[in-house]
Structures are given as C-alpha cells and as structure tokens.
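In what follows, a structure is listed as structure tokens, so that the remarks can point back to it.
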Amino acid sequence: MLFTDEHELVRKSLRSFFEREIVPHCDAWEEERIFPAHEVFKKMGNEGFLGLTKPEEFGGAGLDYSYAIVLAEELGRLPSGGISMAIGVQTDMCTPALARFGSDELRKEWLAPSIAGDLVGCIGVSEVGAGSDVASLKTTARKDGDDYIINGGKMWITNGIQADWMCCLVNTSDDKAHKNKSLVIIPLASKGVERARKLHKLGMWASDTAQIFFDEVRVPQRYRIGAEGMGFMLQMLQFQEERMWGATNSVSAMDMAVAATIEYTRDRKAFGKSILDNQVVHFRMAELATEIEALRALNYRAAELFLAGQDVTRLASMCKLKAGRLLREVADSCLQYWGGMGYMWESKISRMFRDARLCSIGGGADEIMLSIICKLDGTLPGKS
C-alpha cells in the first residue's frame, strides 16, 4: 500500500479520537459487557469516521478503499477487540452492500443516518443451524402485497441488542439455495422482532451479541437491497470486505501484543537477567514479527487488487485464514512469556487471548476459507 500524507492525516485523527473517546473506557465497558454504541457511533459520525469510503451524496467522504484499511488498522490498536469489531460491523459488514447496491431511497433512509452515527446497524446471516454454511439458512420472507413477511431467527448478531436495523439474508423463494436469497433491511423496532437474549461469550465482552427471532415481521419490499434472488451473491461480495477488514484489524492487534510482550519481558527479571534476554524469547518475538509482516503484505496485496476492481475472493480468504491462525499463535506465545500475570483475567494479553479465538470462527470458519481456496484452485473434490 502506498499511503499518502492524506492517509496519515486520517490515521492521526483516528488515533487521537480513539485515545480520547474510547481507550479510557475500554476496561469499564468490558466489565459491563456492553458499550454505549449510539453515543460512540454518534461521536464517530460527527467526525466523519463512519463513512470514509461511502458515497458523498449520503454523507460519506467518498474516499477509496485504502482509507478503510487505515481505519481497520487503527481499530486494531484498541485494547478491546469487542469495541473494534462492533465498529467494524457498522463500517465494513452491514453497510457495503447497501452503499453499493441499495436504491437511493433506501440509502437515504438507512445509510445516511448510519454514516452520521444516528443509527446502529448489524448484519444477520448466521443462524443456529447455519453458521458458515450460509446456503442452508432457514429464515424466510414471503410476499404479501407490497411487503415481505419474515419468519425465522438469527444467531451471534454483533450489535444485536442495541442495533436499530439489520441487513438480513433471507430466503425469498423456493429456488436453488444460491438463487433464492435476498438481502433485506429489517428495522429492529418492528412488531414481531424479539431480541431473545444477550449471549455470554468467551471473549469480545464489550460487544453486545444477540439471538434474534422474527415472528411475522412485516417490512416493505422496497427495503430489499438489489434484485430479488441476488442476496447470496451480494453477501459473498460483502464477505470480501468483512474478511479483509478482519485480517487487517488483526495485524494491528498482533503488533500491539508483540510490542507489549517485549516491554513486559524486558522489565521482568528471572535468574539474574530479563526474560527477554533469553534467546528462546527474543527469537520467538522476531519469528512472530516476521509472520505479522508477511500477513500485512498479503492484506495490502488483496486491498490493492480490490481497489483495482478485481475479484479478491481467493486472496481475501487467504488473508482471513492466515489472520485467524496467526492471531491465535501470537496470543498464545505472548501470554506464555507473561507467566502468571498472563493467566490473570484482568491482564491485557489475557483479554487478547480470549478475543483472538473468534477470528478463526466468525465471518466464515478456517475450514470454509480452505474450501473456498481449494474450489478456486480446482482441488476441491466434487460432491457425489
């Protein structure tokens, strides 16, 4: 990536905002297992941070995707993966399809206020019986006049407790699994929407995650994003941005973990010398730093090709796969060198260890990434 002075100006503004408005509150929000999304998003919206790459006519800055990379990198520096992810859902997971394929009317009603920070969004794909297997989801939307009547439910919905709307993937016909789906915006204040429970997760505590049910929920058909039956394809395109965001965000988190571990082990003494002076420790830090740099280069390559308008499904899948596995490796290796302090719940490296585990599951599990890569490389066996 060739970052310009303009990129660095945005980066400096983001870092200053996060250090002022978010970092001081992260520990408290982790303990509360929720953060004030509307308050934080409104502040970000006022600064223009929620719409860096979104169309200017709907309140965005109209910048290219390289600025989304800058935002993802700076979010990765936050000492709470949950808050970082919640913001990423708003900017790179529930709004890309709306921004690219939504009608002007729809974008004015839902995208513009989301960019301004007046509305909180979420993405509804996963279900109890359909996580990474998107094609098998069961939530339906049948036509009734000019409306859809939606029944079913979604699981593991980030921002789900506080969100005002959901970009939801639903079945709108009985056609084949890849041709019967549509993306529909569901206002979560609608009659028949039940936020059944806030989920208690291993990590990402500051992010509120919900199970949501739909019982005869009526929404206008004009709330559909793009053409009917194109939802699966549009969501696959949206996944490209989600997966690149996750990989880019992870690199910064790993940078911070290695830096913090070097600092901690340099100051911690054992057997008359610092822990860092042991070759096994400083060599391990060098190995991890090398792996992180390799992933950063892969992320930038995918972003550059995406900027050029190319299909980056293969590279985005590789980025996501490598990020999830390396994040686990970095978190585990670093925690080891913190010793007993690393095992303490309140330790920052302990929080990263818990938060890191999601990257290999959310947004498509490692095994799905491998299947995508194999399919595109022509090595995936055909179904009998």
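Identifiers for the structure tokens are assigned positionally: chains receive A, B, ... in sequence, residues are indexed from 1 per chain, and ligands are indexed from 1 in the order shown.
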Residues flagged helix (DSSP H, G or I) by DSSP in region 20-116 of chain A, as a VMD selection string | chain A and resid 20 to 21 23 to 32 37 to 47 49 to 51 56 to 58 66 to 75 81 to 93 96 to 101 104 to 116
For Leu288 (chain A), please output as a list in words all residues within 12 Å (counting only C-alpha atoms; exclusion window: fewer than 3 positions along the same chain).
->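 In the requested form, the answer reads Val251, Met254, Asp255, Met256, Ala257, Val258, Ala259, Thr261, Ile262, Val281, His282, Phe283, Arg284, Met285, Glu291, Ile292, Glu293, Ala294, Leu295, Leu326, Leu327, Arg328, Glu329, Val330, Ala331, Asp332, Ser333 and Cys334 of chain A.
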Distance query Asp174 (chain A) at most 12 Å, only C-alpha atoms, self and fewer than 3 positions along chain excluded, as a short mmCIF file (atom, residue, chain, number, x, y, z; two decimals) with N, CA, C and O atoms, in the first residue's frame:
```cif
data_model
loop_
_atom_site.label_atom_id
_atom_site.label_comp_id
_atom_site.auth_asym_id
_atom_site.auth_seq_id
_atom_site.Cartn_x
_atom_site.Cartn_y
_atom_site.Cartn_z
N LYS A 138 -32.50 -20.79 7.07
CA LYS A 138 -33.93 -21.12 7.03
C LYS A 138 -34.87 -19.92 7.13
O LYS A 138 -36.08 -20.06 6.89
N THR A 140 -37.20 -17.03 6.34
CA THR A 140 -37.96 -16.82 5.10
C THR A 140 -38.61 -15.44 5.06
O THR A 140 -38.90 -14.84 6.11
N ALA A 141 -38.84 -14.98 3.84
CA ALA A 141 -39.60 -13.75 3.61
C ALA A 141 -40.58 -14.02 2.49
O ALA A 141 -40.19 -14.16 1.34
N ARG A 142 -41.88 -14.13 2.84
CA ARG A 142 -42.89 -14.36 1.82
C ARG A 142 -43.56 -13.04 1.46
O ARG A 142 -43.67 -12.13 2.30
N VAL A 170 -32.23 -13.54 3.74
CA VAL A 170 -33.43 -14.36 3.92
C VAL A 170 -33.73 -15.11 2.63
O VAL A 170 -33.30 -14.72 1.54
N ASN A 171 -34.50 -16.18 2.76
CA ASN A 171 -34.98 -16.92 1.59
C ASN A 171 -36.27 -16.26 1.08
O ASN A 171 -37.24 -16.15 1.81
N ALA A 177 -30.55 -23.07 -3.59
CA ALA A 177 -30.04 -22.36 -2.40
C ALA A 177 -29.25 -21.11 -2.71
O ALA A 177 -29.22 -20.17 -1.90
N HIS A 178 -28.58 -21.06 -3.86
CA HIS A 178 -27.77 -19.90 -4.20
C HIS A 178 -28.55 -18.86 -5.02
O HIS A 178 -28.00 -17.81 -5.36
N LYS A 179 -29.82 -19.17 -5.32
CA LYS A 179 -30.62 -18.27 -6.14
C LYS A 179 -31.91 -17.84 -5.46
O LYS A 179 -32.72 -17.13 -6.06
N ASN A 180 -32.13 -18.28 -4.23
CA ASN A 180 -33.41 -18.00 -3.58
C ASN A 180 -33.30 -16.99 -2.44
O ASN A 180 -34.24 -16.82 -1.67
N LYS A 181 -32.16 -16.32 -2.34
CA LYS A 181 -31.92 -15.45 -1.19
C LYS A 181 -31.87 -13.98 -1.58
O LYS A 181 -31.46 -13.63 -2.69
N GLY A 229 -33.44 -12.46 -5.18
CA GLY A 229 -32.70 -13.65 -5.58
C GLY A 229 -31.20 -13.45 -5.72
O GLY A 229 -30.46 -14.42 -5.94
#
```
Nearest to Met85 (chain A), chosen from A:Glu242, A:Glu304, A:Asp277, A:Glu6, with only C-alpha atoms counted in the distances |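 The closest residue to Met85 (chain A) is A:Glu242.
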Using only C-alpha atoms, which residues sit within 8 Å of Gly88 (chain A) once same-chain residues fewer than 5 positions away are excluded, as a ChimeraX atom specification?
-> /A:72,93,245
Convert the current residue selection to file output with C-alpha atoms, as a compact mmCIF listing (two decimals), in the first residue's frame.
```
# COMPACT_ATOMS: atom_id res chain seq x y z
CA ALA A 72 -9.24 -1.10 10.34
CA MET A 93 -20.02 -5.63 7.34
CA TRP A 245 -11.30 -5.95 7.49
```
Would you give me, as a PyMOL selection string, the residues in region 269-359 of chain A that DSSP reads as strand (DSSP E or B)?
-> chain A and resi 269-270+273-274
Export all heavy atoms of the chosen residues as a short mmCIF file (atom, residue, chain, number, x, y, z; two decimals), in the first residue's frame?
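Contents of the output file again_35.cif:
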```cif
data_model
loop_
_atom_site.label_atom_id
_atom_site.label_comp_id
_atom_site.auth_asym_id
_atom_site.auth_seq_id
_atom_site.Cartn_x
_atom_site.Cartn_y
_atom_site.Cartn_z
N LYS A 269 12.39 -9.79 35.59
CA LYS A 269 13.67 -10.46 35.83
C LYS A 269 13.46 -11.88 36.35
O LYS A 269 12.52 -12.16 37.10
CB LYS A 269 14.49 -9.68 36.86
CG LYS A 269 14.68 -8.20 36.54
CD LYS A 269 15.54 -8.00 35.31
CE LYS A 269 15.74 -6.50 35.05
NZ LYS A 269 16.54 -6.26 33.82
N ALA A 270 14.34 -12.76 35.94
CA ALA A 270 14.36 -14.13 36.46
C ALA A 270 15.78 -14.67 36.31
O ALA A 270 16.40 -14.52 35.24
CB ALA A 270 13.38 -15.02 35.72
N LYS A 273 18.56 -12.05 35.14
CA LYS A 273 18.51 -11.30 33.87
C LYS A 273 17.05 -11.16 33.44
O LYS A 273 16.16 -11.84 33.95
CB LYS A 273 19.33 -11.99 32.79
CG LYS A 273 18.84 -13.40 32.43
CD LYS A 273 19.72 -14.01 31.33
CE LYS A 273 19.25 -15.41 30.95
NZ LYS A 273 20.10 -16.02 29.90
N SER A 274 16.83 -10.30 32.47
CA SER A 274 15.47 -10.11 32.00
C SER A 274 15.00 -11.33 31.22
O SER A 274 15.81 -12.04 30.61
CB SER A 274 15.37 -8.86 31.12
OG SER A 274 15.91 -9.10 29.84
#
```
Determine the nearest neighbour of Leu78 (chain A) from the options A:Ser250, A:Asn299, A:Gln310, A:Ser103, counting only C-alpha atoms.
->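 For Leu78 (chain A), the nearest of the given residues is A:Ser250.
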Write out as a ChimeraX atom specification the residues lying within 8 Å of region 350-355 of chain A, counting only C-alpha atoms and excluding same-chain residues fewer than 4 positions away.
-> /A:80-82,202-204,257,328,331-332,335,342-346
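Candidate residues A:Leu71, A:Leu2, A:Leu358, A:Val217 were compared for distance to Tyr300 (chain A), and the nearest is A:Leu2, using only C-alpha atoms.
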Min atom-atom distance to Leu321 (chain A) from the set A:Gly309, A:Gly364, A:Gly76, A:Pro96, counting only C-alpha atoms, belongs to A:Gly364
Compile the contact shell of region 182-196 of chain A as a VMD selection string: residues with an atom at most 6 Å away, counting only C-alpha atoms, same-chain residues fewer than 5 positions apart removed.
-> chain A and resid 164 to 170 211 to 217 223 to 225 228 to 231
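Distances here use only C-alpha atoms; by that measure, the residue among A:Arg107, A:Lys143, A:Lys42, A:Arg314 closest to Ser173 (chain A) is A:Lys143.
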Would you mind telling me which residue in A:Arg301, A:Phe49, A:Lys154, A:Ile34 lies nearest to Thr248 (chain A) when using only C-alpha atoms?
->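 Going through A:Arg301, A:Phe49, A:Lys154, A:Ile34 one by one, the smallest distance to Thr248 (chain A) is for A:Arg301.
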Which residues, written as a ChimeraX atom specification, have at least one atom at most 12 Å from Leu376 (chain A), with only C-alpha atoms counted and residues fewer than 4 positions away on the same chain left out?
-> /A:311-315,317-318,369-372,380-381
Same residues, N, CA, C and O atoms, saved as a PDB file, in the first residue's frame:
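Result file selection_29.pdb:
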```pdb
ATOM      1  N   ASP A 311     -11.828  -9.298  -8.505  1.00  0.00           N
ATOM      2  CA  ASP A 311     -12.422 -10.230  -7.557  1.00  0.00           C
ATOM      3  C   ASP A 311     -11.311 -10.765  -6.660  1.00  0.00           C
ATOM      4  O   ASP A 311     -10.368 -11.398  -7.138  1.00  0.00           O
ATOM      5  N   VAL A 312     -11.403 -10.500  -5.371  1.00  0.00           N
ATOM      6  CA  VAL A 312     -10.336 -10.911  -4.450  1.00  0.00           C
ATOM      7  C   VAL A 312     -10.805 -12.011  -3.501  1.00  0.00           C
ATOM      8  O   VAL A 312     -10.270 -12.154  -2.402  1.00  0.00           O
ATOM      9  N   THR A 313     -11.796 -12.786  -3.935  1.00  0.00           N
ATOM     10  CA  THR A 313     -12.322 -13.840  -3.065  1.00  0.00           C
ATOM     11  C   THR A 313     -11.213 -14.763  -2.577  1.00  0.00           C
ATOM     12  O   THR A 313     -11.148 -15.095  -1.384  1.00  0.00           O
ATOM     13  N   ARG A 314     -10.335 -15.182  -3.469  1.00  0.00           N
ATOM     14  CA  ARG A 314      -9.259 -16.104  -3.092  1.00  0.00           C
ATOM     15  C   ARG A 314      -8.298 -15.453  -2.105  1.00  0.00           C
ATOM     16  O   ARG A 314      -7.969 -16.035  -1.054  1.00  0.00           O
ATOM     17  N   LEU A 315      -7.832 -14.252  -2.422  1.00  0.00           N
ATOM     18  CA  LEU A 315      -6.877 -13.588  -1.540  1.00  0.00           C
ATOM     19  C   LEU A 315      -7.517 -13.184  -0.212  1.00  0.00           C
ATOM     20  O   LEU A 315      -6.888 -13.295   0.847  1.00  0.00           O
ATOM     21  N   SER A 317      -9.869 -14.715   1.302  1.00  0.00           N
ATOM     22  CA  SER A 317      -9.991 -15.954   2.076  1.00  0.00           C
ATOM     23  C   SER A 317      -8.654 -16.346   2.674  1.00  0.00           C
ATOM     24  O   SER A 317      -8.578 -16.817   3.816  1.00  0.00           O
ATOM     25  N   MET A 318      -7.586 -16.149   1.913  1.00  0.00           N
ATOM     26  CA  MET A 318      -6.248 -16.437   2.429  1.00  0.00           C
ATOM     27  C   MET A 318      -5.890 -15.500   3.579  1.00  0.00           C
ATOM     28  O   MET A 318      -5.320 -15.929   4.597  1.00  0.00           O
ATOM     29  N   MET A 369     -12.731 -21.135   4.672  1.00  0.00           N
ATOM     30  CA  MET A 369     -11.721 -20.435   3.887  1.00  0.00           C
ATOM     31  C   MET A 369     -10.897 -21.425   3.061  1.00  0.00           C
ATOM     32  O   MET A 369     -10.599 -21.197   1.885  1.00  0.00           O
ATOM     33  N   LEU A 370     -10.536 -22.537   3.676  1.00  0.00           N
ATOM     34  CA  LEU A 370      -9.774 -23.562   2.963  1.00  0.00           C
ATOM     35  C   LEU A 370     -10.578 -24.137   1.797  1.00  0.00           C
ATOM     36  O   LEU A 370     -10.044 -24.348   0.699  1.00  0.00           O
ATOM     37  N   SER A 371     -11.873 -24.359   2.028  1.00  0.00           N
ATOM     38  CA  SER A 371     -12.720 -24.892   0.957  1.00  0.00           C
ATOM     39  C   SER A 371     -12.831 -23.902  -0.206  1.00  0.00           C
ATOM     40  O   SER A 371     -12.796 -24.305  -1.372  1.00  0.00           O
ATOM     41  N   ILE A 372     -12.958 -22.612   0.123  1.00  0.00           N
ATOM     42  CA  ILE A 372     -13.046 -21.599  -0.929  1.00  0.00           C
ATOM     43  C   ILE A 372     -11.759 -21.577  -1.754  1.00  0.00           C
ATOM     44  O   ILE A 372     -11.788 -21.555  -2.996  1.00  0.00           O
ATOM     45  N   LEU A 380     -10.760 -28.931  -4.958  1.00  0.00           N
ATOM     46  CA  LEU A 380     -11.826 -29.395  -4.071  1.00  0.00           C
ATOM     47  C   LEU A 380     -12.576 -30.550  -4.747  1.00  0.00           C
ATOM     48  O   LEU A 380     -13.088 -30.403  -5.855  1.00  0.00           O
ATOM     49  N   PRO A 381     -12.648 -31.715  -4.087  1.00  0.00           N
ATOM     50  CA  PRO A 381     -13.359 -32.837  -4.701  1.00  0.00           C
ATOM     51  C   PRO A 381     -14.827 -32.508  -4.950  1.00  0.00           C
ATOM     52  O   PRO A 381     -15.458 -31.799  -4.175  1.00  0.00           O
TER      53      PRO A 381
END
```
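As for CA of Arg11 (chain A) and CA of Leu75 (chain A), they are spaced 10.3 Å apart.
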